[in-house]
file input_31.txt (compact mmCIF, C-alpha atoms)
# COMPACT_ATOMS: atom_id res chain seq x y z
CA MET A 1156 23.65 32.04 32.02
CA HIS A 1157 23.38 35.52 33.47
CA PRO A 1158 23.08 36.81 37.04
CA LYS A 1159 19.42 37.11 37.86
CA GLU A 1160 17.77 40.31 38.90
CA ARG A 1161 15.44 40.49 41.84
CA TYR A 1162 12.23 40.42 39.81
CA GLU A 1163 13.50 37.38 37.93
CA GLU A 1164 14.15 35.54 41.16
CA ILE A 1165 10.67 36.37 42.40
CA ILE A 1166 9.05 35.15 39.19
CA THR A 1167 11.13 31.96 39.11
CA GLY A 1168 10.31 31.22 42.73
CA LYS A 1169 6.61 31.78 42.17
CA LEU A 1170 6.45 29.68 39.00
CA THR A 1171 8.05 26.67 40.66
CA ALA A 1172 5.17 26.77 43.12
CA LEU A 1173 2.55 26.56 40.40
CA PRO A 1174 -0.10 23.94 41.18
CA LEU A 1175 0.24 20.99 38.84
CA PRO A 1176 -2.79 19.88 36.82
CA ASP A 1177 -3.98 16.37 37.58
CA MET A 1178 -3.40 15.07 34.08
CA ALA A 1179 -0.73 12.46 34.66
CA ASP A 1180 -2.93 9.50 33.68
CA ALA A 1181 -4.42 11.17 30.63
CA ILE A 1182 -1.02 12.27 29.35
CA TRP A 1183 0.44 8.80 29.95
CA LEU A 1184 -2.35 7.26 27.85
CA ARG A 1185 -1.38 9.54 24.97
CA ILE A 1186 2.29 8.74 25.41
CA GLU A 1187 1.59 5.01 25.59
CA ARG A 1188 -0.58 5.11 22.46
CA GLN A 1189 2.16 6.90 20.55
CA LEU A 1190 4.80 4.52 21.88
CA ASP A 1191 2.70 1.53 20.76
CA ILE A 1192 2.95 2.96 17.24
CA ASP A 1193 6.56 4.14 17.30
CA LEU A 1194 8.16 1.66 19.71
CA PRO A 1195 6.04 -1.49 19.93
CA SER A 1196 6.93 -3.40 23.08
CA ASP A 1197 6.70 -7.13 23.75
CA GLU A 1198 5.39 -6.26 27.16
CA GLY A 1199 2.46 -4.46 25.56
CA GLY A 1200 0.51 -1.59 26.92
CA ASN A 1201 -2.50 -1.41 29.14
CA MET A 1202 -4.80 -1.31 26.14
CA PRO A 1203 -7.33 -4.19 26.19
CA GLU A 1204 -6.71 -6.77 23.51
CA PRO A 1205 -9.44 -7.23 20.94
CA PRO A 1206 -11.62 -10.29 21.67
CA SER A 1207 -10.75 -13.44 19.79
CA PRO A 1208 -13.35 -14.38 17.17
CA TRP A 1209 -13.29 -17.95 18.54
CA SER A 1210 -14.17 -17.16 22.12
CA GLY A 1211 -17.30 -15.93 23.86
CA GLY A 1212 -19.44 -13.47 21.99
CA GLY A 1213 -16.84 -13.29 19.26
CA LEU A 1214 -17.84 -16.79 18.15
CA ALA A 1215 -21.32 -15.63 17.23
CA VAL A 1216 -19.89 -12.67 15.36
CA GLY A 1217 -17.49 -14.95 13.49
CA ALA A 1218 -20.27 -17.36 12.57
CA GLY A 1219 -22.44 -14.51 11.35
CA LEU A 1220 -19.60 -13.13 9.29
CA LEU A 1221 -18.98 -16.58 7.80
CA ALA A 1222 -22.65 -16.92 6.87
CA VAL A 1223 -22.66 -13.52 5.16
CA VAL A 1224 -19.52 -14.37 3.19
CA GLY A 1225 -21.00 -17.74 2.20
CA ALA A 1226 -24.20 -16.12 1.01
CA LEU A 1227 -22.21 -13.58 -0.99
CA ILE A 1228 -20.16 -16.29 -2.67
CA ALA A 1229 -23.31 -18.29 -3.47
CA PHE A 1230 -24.94 -15.21 -4.94
CA LEU A 1231 -21.92 -14.41 -7.11
CA TYR A 1232 -21.68 -18.04 -8.24
CA LEU A 1233 -25.32 -18.25 -9.23
CA GLN A 1234 -25.41 -14.85 -10.91
CA PRO A 1235 -23.84 -15.92 -14.29
CA VAL A 1236 -26.15 -18.93 -14.52
CA SER A 1237 -29.24 -16.81 -14.17
CA ASN A 1238 -27.83 -14.37 -16.73
CA LYS A 1239 -27.33 -17.15 -19.24
CA ILE A 1240 -30.87 -18.31 -18.75
CA THR A 1241 -32.32 -14.86 -19.21
CA ASN A 1242 -30.17 -14.18 -22.28
CA ASN A 1243 -31.67 -17.16 -24.06
CA THR A 1244 -35.24 -16.05 -23.59
CA PRO A 1245 -36.99 -14.85 -26.76
CA ALA A 1246 -37.84 -11.48 -25.22
CA ASN A 1247 -34.21 -10.42 -25.36
CA THR A 1248 -32.92 -7.93 -27.86
CA PRO A 1249 -30.54 -9.07 -30.59
CA ALA A 1250 -27.67 -7.34 -28.85
CA ASN A 1251 -28.14 -9.43 -25.78
CA ILE A 1252 -28.39 -12.57 -27.82
CA GLN A 1253 -25.10 -11.64 -29.44
CA VAL A 1254 -23.53 -11.60 -26.01
CA ALA A 1255 -24.77 -15.09 -25.27
CA THR A 1256 -23.56 -16.46 -28.60
CA PRO A 1257 -20.35 -14.69 -29.57
CA THR A 1258 -19.95 -13.48 -33.12
CA ILE A 1259 -16.88 -15.62 -33.57
CA ASN A 1260 -19.10 -18.67 -33.45
CA ASN A 1261 -21.12 -17.35 -36.38
CA ASP A 1262 -18.04 -16.70 -38.47
CA ILE A 1263 -16.20 -19.79 -37.64
CA PRO A 1264 -17.83 -22.25 -40.10
CA SER A 1265 -16.68 -20.27 -43.16
CA ASN A 1266 -13.33 -19.23 -41.73
CA GLN A 1267 -12.80 -22.48 -40.01
CA SER A 1268 -13.22 -24.38 -43.23
CA ALA A 1269 -10.57 -22.19 -44.78
CA LEU A 1270 -8.33 -22.45 -41.81
CA MET A 1271 -8.73 -26.17 -41.39
CA LYS A 1272 -8.03 -26.80 -45.05
CA PRO A 1273 -4.82 -28.77 -45.43
CA VAL A 1274 -2.02 -26.54 -46.57
CA ASN A 1275 -0.29 -27.78 -49.68
CA GLY A 1276 1.76 -24.71 -50.39
CA PRO A 1277 5.16 -23.76 -49.06
CA PRO A 1278 5.77 -23.91 -45.33
CA ALA A 1279 4.38 -21.07 -43.34
CA ALA A 1280 6.48 -17.96 -43.64
CA ASN A 1281 7.50 -16.19 -40.50
CA THR A 1282 5.65 -12.91 -40.66
CA GLY A 1283 7.23 -11.64 -37.52
CA LYS A 1284 3.92 -11.43 -35.77
CA PRO A 1285 3.37 -13.07 -32.44
CA GLN A 1286 2.19 -16.62 -32.61
CA THR A 1287 -0.31 -16.15 -29.90
CA ALA A 1288 -2.53 -13.64 -31.61
CA ALA A 1289 -6.11 -13.42 -30.50
CA PRO A 1290 -8.72 -15.21 -32.66
CA GLU A 1291 -10.27 -11.89 -33.67
CA THR A 1292 -6.89 -10.76 -35.03
CA ALA A 1293 -6.49 -13.94 -36.97
CA ILE A 1294 -9.87 -13.58 -38.60
CA ALA A 1295 -9.14 -9.99 -39.50
CA ASP A 1296 -5.87 -11.03 -41.08
CA VAL A 1297 -7.55 -13.67 -43.13
CA THR A 1298 -10.21 -11.41 -44.54
CA ILE A 1299 -8.03 -8.37 -45.23
CA ALA A 1300 -4.88 -10.21 -46.26
CA PRO A 1301 -2.38 -7.35 -46.42
CA THR A 1302 1.01 -7.85 -48.08
CA PRO A 1303 3.54 -8.17 -45.32
CA ASN A 1304 6.87 -6.40 -45.47
CA GLY A 1305 6.42 -5.51 -49.15
CA ASP A 1306 7.88 -8.85 -50.20
CA SER A 1307 7.17 -9.22 -53.95
CA SER A 1308 7.75 -12.97 -53.96
CA PHE A 1309 4.96 -13.40 -51.55
CA THR A 1310 1.67 -13.97 -53.37
CA PRO A 1311 -1.60 -13.01 -51.80
CA ALA A 1312 -2.74 -16.62 -51.74
CA GLU A 1313 0.39 -17.71 -49.98
CA ASN A 1314 0.04 -14.80 -47.70
CA LEU A 1315 -3.46 -15.81 -46.82
CA THR A 1316 -2.40 -19.33 -46.06
CA ALA A 1317 0.68 -18.27 -44.19
CA GLN A 1318 -1.19 -15.80 -42.06
CA ALA A 1319 -3.86 -18.28 -41.37
CA THR A 1320 -1.46 -21.00 -40.32
CA THR A 1321 0.75 -18.77 -38.25
CA ASN A 1322 -1.68 -16.52 -36.50
CA VAL A 1323 -4.47 -18.88 -35.62
CA PRO A 1324 -4.12 -20.67 -32.35
CA ALA A 1325 -3.33 -24.36 -32.60
CA ALA A 1326 -6.76 -25.52 -31.60
CA LEU A 1327 -9.83 -23.44 -32.05
CA PRO A 1328 -12.62 -24.57 -29.83
CA GLU A 1329 -15.02 -26.71 -31.76
CA VAL A 1330 -18.46 -25.24 -31.96
CA LYS A 1331 -20.93 -27.47 -30.30
CA GLN A 1332 -24.62 -27.07 -30.44
CA ASP A 1333 -26.61 -27.77 -27.38
CA THR A 1334 -27.75 -31.37 -27.56
CA VAL A 1335 -30.84 -30.62 -25.55
CA PRO A 1336 -32.62 -27.47 -26.63
CA LYS A 1337 -33.29 -25.17 -23.76
CA LYS A 1338 -36.80 -24.88 -22.65
CA ARG A 1339 -38.36 -21.67 -23.78
CA ARG A 1340 -40.13 -19.67 -21.20
CA GLY A 1341 -42.93 -17.19 -21.37
CA LEU A 1342 -45.64 -16.80 -23.95
CA GLN A 1343 -44.80 -17.74 -27.51
CA ASN A 1344 -45.51 -15.75 -30.68
CA ILE A 1345 -45.74 -12.42 -28.89
CA SER A 1346 -43.38 -9.67 -29.96
CA ASP A 1347 -42.86 -6.04 -29.06
CA LYS A 1348 -45.30 -5.02 -31.77
CA ASP A 1349 -48.11 -6.52 -29.79
CA TYR A 1350 -47.44 -4.06 -27.00
CA ARG A 1351 -47.10 -0.95 -29.14
CA ILE A 1352 -49.58 1.78 -28.21
CA VAL A 1353 -51.26 3.09 -31.32
CA PRO A 1354 -53.46 6.14 -30.92
CA LYS A 1355 -56.99 5.72 -32.00
CA ASN A 1356 -58.19 7.69 -35.02
CA GLY A 1357 -60.22 10.11 -32.89
CA ASP A 1358 -57.30 10.80 -30.52
CA ALA A 1359 -54.92 11.97 -33.21
CA PRO A 1360 -53.95 15.61 -32.78
CA MET B 689 18.51 8.74 48.46
CA GLN B 690 20.57 5.78 47.35
CA THR B 691 17.34 3.84 46.82
CA ILE B 692 15.92 6.55 44.57
CA ALA B 693 19.13 6.62 42.53
CA THR B 694 19.01 2.84 42.19
CA ASP B 695 15.36 3.03 41.25
CA ILE B 696 16.06 5.58 38.54
CA GLN B 697 18.92 3.48 37.22
CA GLU B 698 16.58 0.49 37.06
CA LEU B 699 13.98 2.60 35.31
CA LEU B 700 16.56 3.81 32.82
CA ASP B 701 17.65 0.24 32.12
CA GLY B 702 14.01 -0.75 31.66
CA CYS B 703 13.42 2.19 29.33
CA ARG B 704 16.45 1.21 27.28
CA ALA B 705 14.92 -2.29 27.01
CA ASN B 706 11.65 -0.63 25.85
CA ARG B 707 9.64 -1.91 28.80
CA ARG B 708 6.36 -0.02 29.23
CA SER B 709 6.30 -0.41 33.01
CA ALA B 710 9.72 1.22 33.30
CA GLN B 711 8.74 3.98 30.88
CA GLU B 712 5.62 4.70 32.91
CA GLY B 713 7.66 4.67 36.10
CA LEU B 714 10.15 7.20 34.73
CA TYR B 715 7.34 9.37 33.40
CA ARG B 716 5.56 9.43 36.77
CA GLN B 717 8.84 10.07 38.57
CA PHE B 718 9.48 13.20 36.46
CA TYR B 719 5.89 14.30 35.88
CA GLY B 720 5.96 17.22 38.32
CA PHE B 721 9.40 18.41 37.23
CA ALA B 722 8.57 18.29 33.53
CA MET B 723 5.05 19.69 33.89
CA THR B 724 6.35 22.73 35.75
CA ILE B 725 8.60 23.49 32.79
CA ALA B 726 5.91 22.73 30.21
CA LEU B 727 3.45 25.11 31.88
CA ARG B 728 5.87 28.03 31.41
CA TYR B 729 5.72 27.65 27.63
CA SER B 730 2.01 27.00 27.27
CA ARG B 731 -1.14 29.05 27.27
CA ASP B 732 -3.20 26.49 29.17
CA GLU B 733 -3.13 22.97 30.57
CA LEU B 734 -4.01 21.39 27.24
CA ASP B 735 -0.99 23.02 25.63
CA ALA B 736 1.12 21.75 28.51
CA ALA B 737 -0.25 18.23 28.02
CA ASP B 738 0.72 18.41 24.32
CA ILE B 739 4.24 19.51 25.23
CA MET B 740 4.53 16.76 27.84
CA SER B 741 3.35 13.94 25.61
CA HIS B 742 5.59 14.94 22.71
CA ALA B 743 8.56 15.48 25.03
CA PHE B 744 8.26 12.10 26.76
CA VAL B 745 7.85 10.23 23.49
CA LYS B 746 11.11 11.87 22.39
CA ILE B 747 12.71 11.00 25.70
CA PHE B 748 11.84 7.31 25.37
CA LYS B 749 12.82 7.17 21.71
CA SER B 750 16.23 8.72 22.41
CA ILE B 751 16.87 7.29 25.88
CA HIS B 752 19.85 5.35 24.55
CA THR B 753 21.59 8.67 23.78
CA PHE B 754 21.51 9.79 27.41
CA ASP B 755 24.99 9.67 28.91
CA PRO B 756 25.08 10.19 32.71
CA GLU B 757 28.74 11.21 32.50
CA LYS B 758 27.84 14.23 30.37
CA GLY B 759 25.11 15.56 32.65
CA SER B 760 22.28 14.75 34.98
CA LEU B 761 19.06 13.11 33.91
CA HIS B 762 17.15 16.17 35.15
CA ALA B 763 19.14 18.48 32.87
CA TRP B 764 18.71 16.11 29.91
CA ILE B 765 14.93 15.89 30.42
CA LYS B 766 14.67 19.63 31.00
CA ARG B 767 16.43 20.35 27.72
CA ILE B 768 14.03 18.12 25.81
CA VAL B 769 10.95 19.63 27.47
CA VAL B 770 12.19 23.19 26.87
CA ASN B 771 12.90 22.41 23.22
CA GLU B 772 9.44 20.93 22.85
CA GLY B 773 7.96 24.01 24.53
CA LEU B 774 9.80 26.31 22.13
CA ASP B 775 8.64 24.22 19.18
CA HIS B 776 5.12 24.57 20.49
CA ILE B 777 5.45 28.36 20.67
CA LYS B 778 6.97 28.45 17.20
CA THR B 779 3.86 26.80 15.80
CA ARG B 780 1.89 29.79 17.13
CA SER B 781 4.24 32.53 16.07
CA ARG B 782 6.99 33.41 13.67
CA PHE B 783 10.11 34.73 15.37
CA SER B 784 10.59 38.00 13.54
CA GLU B 785 14.11 39.11 12.66
CA GLU B 786 12.98 42.56 11.53
CA VAL B 787 13.81 44.41 14.73
CA GLU B 788 16.08 47.41 14.77
CA LEU B 789 18.55 47.58 17.62
CA GLU B 790 17.76 51.26 18.07
CA SER B 791 14.24 50.33 19.01
CA VAL B 792 15.44 48.45 22.10
CA ALA B 793 14.72 50.89 24.87
CA GLN B 794 16.12 50.94 28.36
CA PRO B 795 14.75 48.02 30.42
CA ALA B 796 11.53 48.95 32.11
CA TYR B 797 11.47 49.08 35.88
CA ILE B 798 9.44 46.26 37.42
CA ASN B 799 7.88 46.80 40.79
CA ASN B 800 9.26 43.93 42.88
CA ALA B 801 6.97 44.61 45.79
CA ALA B 802 3.93 44.27 43.59
CA LEU B 803 5.28 41.05 42.16
CA GLU B 804 5.87 39.56 45.59
CA GLN B 805 2.26 40.14 46.54
CA MET B 806 1.01 38.21 43.55
CA GLY B 807 0.30 34.51 43.44
CA ALA B 808 1.99 32.09 41.07
CA GLU B 809 -1.06 31.73 38.85
CA GLU B 810 -1.49 35.49 38.58
CA ILE B 811 2.11 35.90 37.47
CA MET B 812 1.74 33.04 35.01
CA ASN B 813 -1.37 34.67 33.56
CA LEU B 814 0.59 37.89 32.99
CA ILE B 815 3.31 35.98 31.15
CA LYS B 816 0.79 34.08 29.02
CA ARG B 817 -0.64 37.36 27.76
CA LEU B 818 2.67 38.23 26.12
CA PRO B 819 2.99 37.61 22.38
CA PRO B 820 4.33 34.07 21.76
CA ALA B 821 7.86 35.03 20.70
CA THR B 822 8.18 37.57 23.51
CA HIS B 823 6.82 34.97 25.91
CA ALA B 824 9.50 32.48 24.85
CA VAL B 825 12.36 34.95 25.16
CA PHE B 826 11.16 36.19 28.54
CA VAL B 827 10.86 32.69 30.03
CA LEU B 828 14.23 31.62 28.61
CA TYR B 829 15.93 34.74 30.00
CA ALA B 830 14.15 35.51 33.26
CA VAL B 831 13.18 32.01 34.41
CA GLU B 832 15.60 29.57 32.79
CA GLY B 833 18.51 32.00 33.12
CA TYR B 834 19.87 31.84 29.56
CA ASN B 835 21.74 34.86 28.22
CA HIS B 836 20.89 36.57 24.93
CA ARG B 837 23.56 34.74 22.97
CA GLU B 838 22.19 31.37 24.06
CA ILE B 839 18.62 32.45 23.35
CA ALA B 840 19.63 33.72 19.93
CA GLU B 841 21.22 30.35 19.13
CA ARG B 842 18.23 28.39 20.37
CA LEU B 843 15.62 30.46 18.58
CA HIS B 844 17.71 31.20 15.48
CA ILE B 845 17.34 34.94 15.96
CA SER B 846 19.85 37.71 16.53
CA GLU B 847 20.91 38.84 19.99
CA GLY B 848 19.35 42.22 19.23
CA THR B 849 16.02 40.59 18.54
CA SER B 850 16.29 38.68 21.79
CA LYS B 851 17.02 41.91 23.69
CA TRP B 852 14.10 43.63 21.98
CA HIS B 853 11.70 40.84 23.01
CA LEU B 854 12.94 40.97 26.61
CA SER B 855 12.52 44.73 26.68
CA GLU B 856 9.01 44.42 25.30
CA ALA B 857 8.19 41.77 27.88
CA ARG B 858 9.36 43.91 30.78
CA LYS B 859 7.50 46.94 29.46
CA THR B 860 4.27 44.98 29.07
CA LEU B 861 4.61 43.37 32.50
CA GLN B 862 5.21 46.73 34.14
CA GLN B 863 2.13 48.18 32.43
CA GLN B 864 0.02 45.24 33.56
CA LEU B 865 1.33 45.49 37.12
CA GLN B 866 0.49 49.20 37.22
CA HIS B 867 -2.94 48.46 35.85
CA LEU B 868 -3.51 45.82 38.54
CA ASN B 869 -2.29 48.13 41.34
CA ASN B 870 -4.55 50.95 40.20
call {"tool": "encode", "arguments": {"input": "input_31.txt", "output": "structure tokens"}}
result
Amino acid sequence: MHPKERYEEIITGKLTALPLPDMADAIWLRIERQLDIDLPSDEGGNMPEPPSPWSGGGLAVGAGLLAVVGALIAFLYLQPVSNKITNNTPANTPANIQVATPTINNDIPSNQSALMKPVNGPPAANTGKPQTAAPETAIADVTIAPTPNGDSSFTPAENLTAQATTNVPAALPEVKQDTVPKKRRGLQNISDKDYRIVPKNGDAP
Amino acid sequence: MQTIATDIQELLDGCRANRRSAQEGLYRQFYGFAMTIALRYSRDELDAADIMSHAFVKIFKSIHTFDPEKGSLHAWIKRIVVNEGLDHIKTRSRFSEEVELESVAQPAYINNAALEQMGAEEIMNLIKRLPPATHAVFVLYAVEGYNHREIAERLHISEGTSKWHLSEARKTLQQQLQHLNN
């Protein structure tokens, strides 16, 4: 601290007489909001609590929300069913049909017969590959049949059998045909060719 | 007087227990005192409101560190509000260290009679027109009564820089007073 000069005393005296702005309530609201974040109190602030969804007008809002959620769930649940139906219609492209009937199902009869064949050879060798390989991997192993680890005593035939027995999951899902053929929809015997626009002879450039 | 002291002690206890009613009571009890300080470091009322809200949040968050044996509650609150005011000024200005001591001229003469005729708001408007760093040094020196060493420590500047800012403040005030008188 230093001894004040006269002008300093005048200024200090004048500034203490400054009229105060009437902002006490507004500033307290800001302080309270910040305290609610930094120092939450059990007593709570003066902020109104949000209405309960189970009382008064909140009940209607809650019911409406529930209805919207229910409709959304129903829509999502029904969506795959409608997709399956549309994928089986004859108007679909081959690519779409492939989605409906996975390629593994087409390959399974030939591979499955090989895989399901009883193994008379030596017990399955441990190839070091994980036992839980995906079906696609197993099929690839069967068709390519690489020599594992460069082991000369390992014949390709044994390899094929070993790979097949070790890499294929224990139970492949049995392919089942639909017992009741699905009803075809739309007009029959009409293909994309019928809709092709062919210029008339006179219109040709 | 005893009742007020008891009330403040109760408010302090409530603030330590994080009770909103006690915090609001303490805030309203010291609103005028703290706002007077905040106005000295602000350009307008909105600035002062910013300083006040930040200062009181700090006060309530650190109320458990207040020790009445080390000083009064007024002094403790004043220190926090002044620090918040200086922080507020620092956001507006960088406190330059590049001031040569030779450039500190003799303190300008201030016409006391002219000052006495002015109202509080007029004087405050003159101070607000000072550059932020000069404003801070002038208020700390002329109003709060700190010396240059204390100002230098608070603002992390040299004593020479503090003297330079005070000199600049006096010069500017004198020019403005002359302009007003003419």
call {"tool": "closest_residue", "arguments": {"input": "input_31.txt", "among": "B:Ala710, B:Leu734, B:Leu828, B:Ala808", "to": "chain A", "atoms": "all atoms listed in the file"}}
result
B:Ala808
call {"tool": "atom_distance", "arguments": {"input": "input_31.txt", "atom1": "CA of Asn835 (chain B)", "atom2": "CA of Met1156 (chain A)"}}
result
5.1 Å
call {"tool": "atom_distance", "arguments": {"input": "input_31.txt", "atom1": "CA of Gln863 (chain B)", "atom2": "CA of Thr849 (chain B)"}}
result
21.1 Å
call {"tool": "closest_residue", "arguments": {"input": "input_31.txt", "among": "A:Tyr1232, A:Asp1191, A:Tyr1350, A:Ala1179", "to": "Gln717 (chain B)", "atoms": "only C-alpha atoms"}}
result
A:Ala1179
call {"tool": "build_atoms", "arguments": {"input": "input_31.txt", "residues": "region 738-759 of chain B", "atoms": "N, CA and C atoms", "output": "PDB file, in the coordinates of the input"}}
result
ATOM      1  N   ASP B 738       0.118  18.676  25.645  1.00  0.00           N
ATOM      2  CA  ASP B 738       0.720  18.410  24.320  1.00  0.00           C
ATOM      3  C   ASP B 738       2.241  18.389  24.421  1.00  0.00           C
ATOM      4  N   ILE B 739       2.775  19.420  25.089  1.00  0.00           N
ATOM      5  CA  ILE B 739       4.240  19.510  25.230  1.00  0.00           C
ATOM      6  C   ILE B 739       4.768  18.279  25.972  1.00  0.00           C
ATOM      7  N   MET B 740       4.086  17.911  27.046  1.00  0.00           N
ATOM      8  CA  MET B 740       4.530  16.760  27.840  1.00  0.00           C
ATOM      9  C   MET B 740       4.528  15.463  27.032  1.00  0.00           C
ATOM     10  N   SER B 741       3.437  15.216  26.332  1.00  0.00           N
ATOM     11  CA  SER B 741       3.350  13.940  25.610  1.00  0.00           C
ATOM     12  C   SER B 741       4.408  13.865  24.515  1.00  0.00           C
ATOM     13  N   HIS B 742       4.577  14.950  23.779  1.00  0.00           N
ATOM     14  CA  HIS B 742       5.590  14.940  22.710  1.00  0.00           C
ATOM     15  C   HIS B 742       6.993  14.797  23.307  1.00  0.00           C
ATOM     16  N   ALA B 743       7.228  15.518  24.415  1.00  0.00           N
ATOM     17  CA  ALA B 743       8.560  15.480  25.030  1.00  0.00           C
ATOM     18  C   ALA B 743       8.894  14.074  25.532  1.00  0.00           C
ATOM     19  N   PHE B 744       7.948  13.424  26.197  1.00  0.00           N
ATOM     20  CA  PHE B 744       8.260  12.100  26.760  1.00  0.00           C
ATOM     21  C   PHE B 744       8.378  11.027  25.670  1.00  0.00           C
ATOM     22  N   VAL B 745       7.639  11.176  24.595  1.00  0.00           N
ATOM     23  CA  VAL B 745       7.850  10.230  23.490  1.00  0.00           C
ATOM     24  C   VAL B 745       9.275  10.377  22.958  1.00  0.00           C
ATOM     25  N   LYS B 746       9.722  11.637  22.840  1.00  0.00           N
ATOM     26  CA  LYS B 746      11.110  11.870  22.390  1.00  0.00           C
ATOM     27  C   LYS B 746      12.100  11.303  23.390  1.00  0.00           C
ATOM     28  N   ILE B 747      11.796  11.498  24.653  1.00  0.00           N
ATOM     29  CA  ILE B 747      12.710  11.000  25.700  1.00  0.00           C
ATOM     30  C   ILE B 747      12.868   9.487  25.580  1.00  0.00           C
ATOM     31  N   PHE B 748      11.755   8.774  25.422  1.00  0.00           N
ATOM     32  CA  PHE B 748      11.840   7.310  25.370  1.00  0.00           C
ATOM     33  C   PHE B 748      12.463   6.830  24.054  1.00  0.00           C
ATOM     34  N   LYS B 749      12.246   7.591  22.990  1.00  0.00           N
ATOM     35  CA  LYS B 749      12.820   7.170  21.710  1.00  0.00           C
ATOM     36  C   LYS B 749      14.334   7.410  21.671  1.00  0.00           C
ATOM     37  N   SER B 750      14.796   8.400  22.470  1.00  0.00           N
ATOM     38  CA  SER B 750      16.230   8.720  22.410  1.00  0.00           C
ATOM     39  C   SER B 750      16.913   8.422  23.750  1.00  0.00           C
ATOM     40  N   ILE B 751      16.313   7.557  24.543  1.00  0.00           N
ATOM     41  CA  ILE B 751      16.870   7.290  25.880  1.00  0.00           C
ATOM     42  C   ILE B 751      18.270   6.674  25.779  1.00  0.00           C
ATOM     43  N   HIS B 752      18.529   5.976  24.684  1.00  0.00           N
ATOM     44  CA  HIS B 752      19.850   5.350  24.550  1.00  0.00           C
ATOM     45  C   HIS B 752      20.956   6.384  24.322  1.00  0.00           C
ATOM     46  N   THR B 753      20.573   7.627  23.994  1.00  0.00           N
ATOM     47  CA  THR B 753      21.590   8.670  23.780  1.00  0.00           C
ATOM     48  C   THR B 753      21.954   9.388  25.083  1.00  0.00           C
ATOM     49  N   PHE B 754      21.200   9.118  26.145  1.00  0.00           N
ATOM     50  CA  PHE B 754      21.510   9.790  27.410  1.00  0.00           C
ATOM     51  C   PHE B 754      22.775   9.192  28.017  1.00  0.00           C
ATOM     52  N   ASP B 755      23.719  10.096  28.316  1.00  0.00           N
ATOM     53  CA  ASP B 755      24.990   9.670  28.910  1.00  0.00           C
ATOM     54  C   ASP B 755      25.119  10.331  30.282  1.00  0.00           C
ATOM     55  N   PRO B 756      25.029   9.575  31.371  1.00  0.00           N
ATOM     56  CA  PRO B 756      25.080  10.190  32.710  1.00  0.00           C
ATOM     57  C   PRO B 756      26.405  10.891  33.001  1.00  0.00           C
ATOM     58  N   GLU B 757      27.444  10.553  32.258  1.00  0.00           N
ATOM     59  CA  GLU B 757      28.740  11.210  32.500  1.00  0.00           C
ATOM     60  C   GLU B 757      28.746  12.631  31.932  1.00  0.00           C
ATOM     61  N   LYS B 758      27.858  12.903  30.979  1.00  0.00           N
ATOM     62  CA  LYS B 758      27.840  14.230  30.370  1.00  0.00           C
ATOM     63  C   LYS B 758      26.934  15.203  31.125  1.00  0.00           C
ATOM     64  N   GLY B 759      26.010  14.687  31.906  1.00  0.00           N
ATOM     65  CA  GLY B 759      25.110  15.560  32.650  1.00  0.00           C
ATOM     66  C   GLY B 759      24.057  14.747  33.369  1.00  0.00           C
TER      67      GLY B 759
END
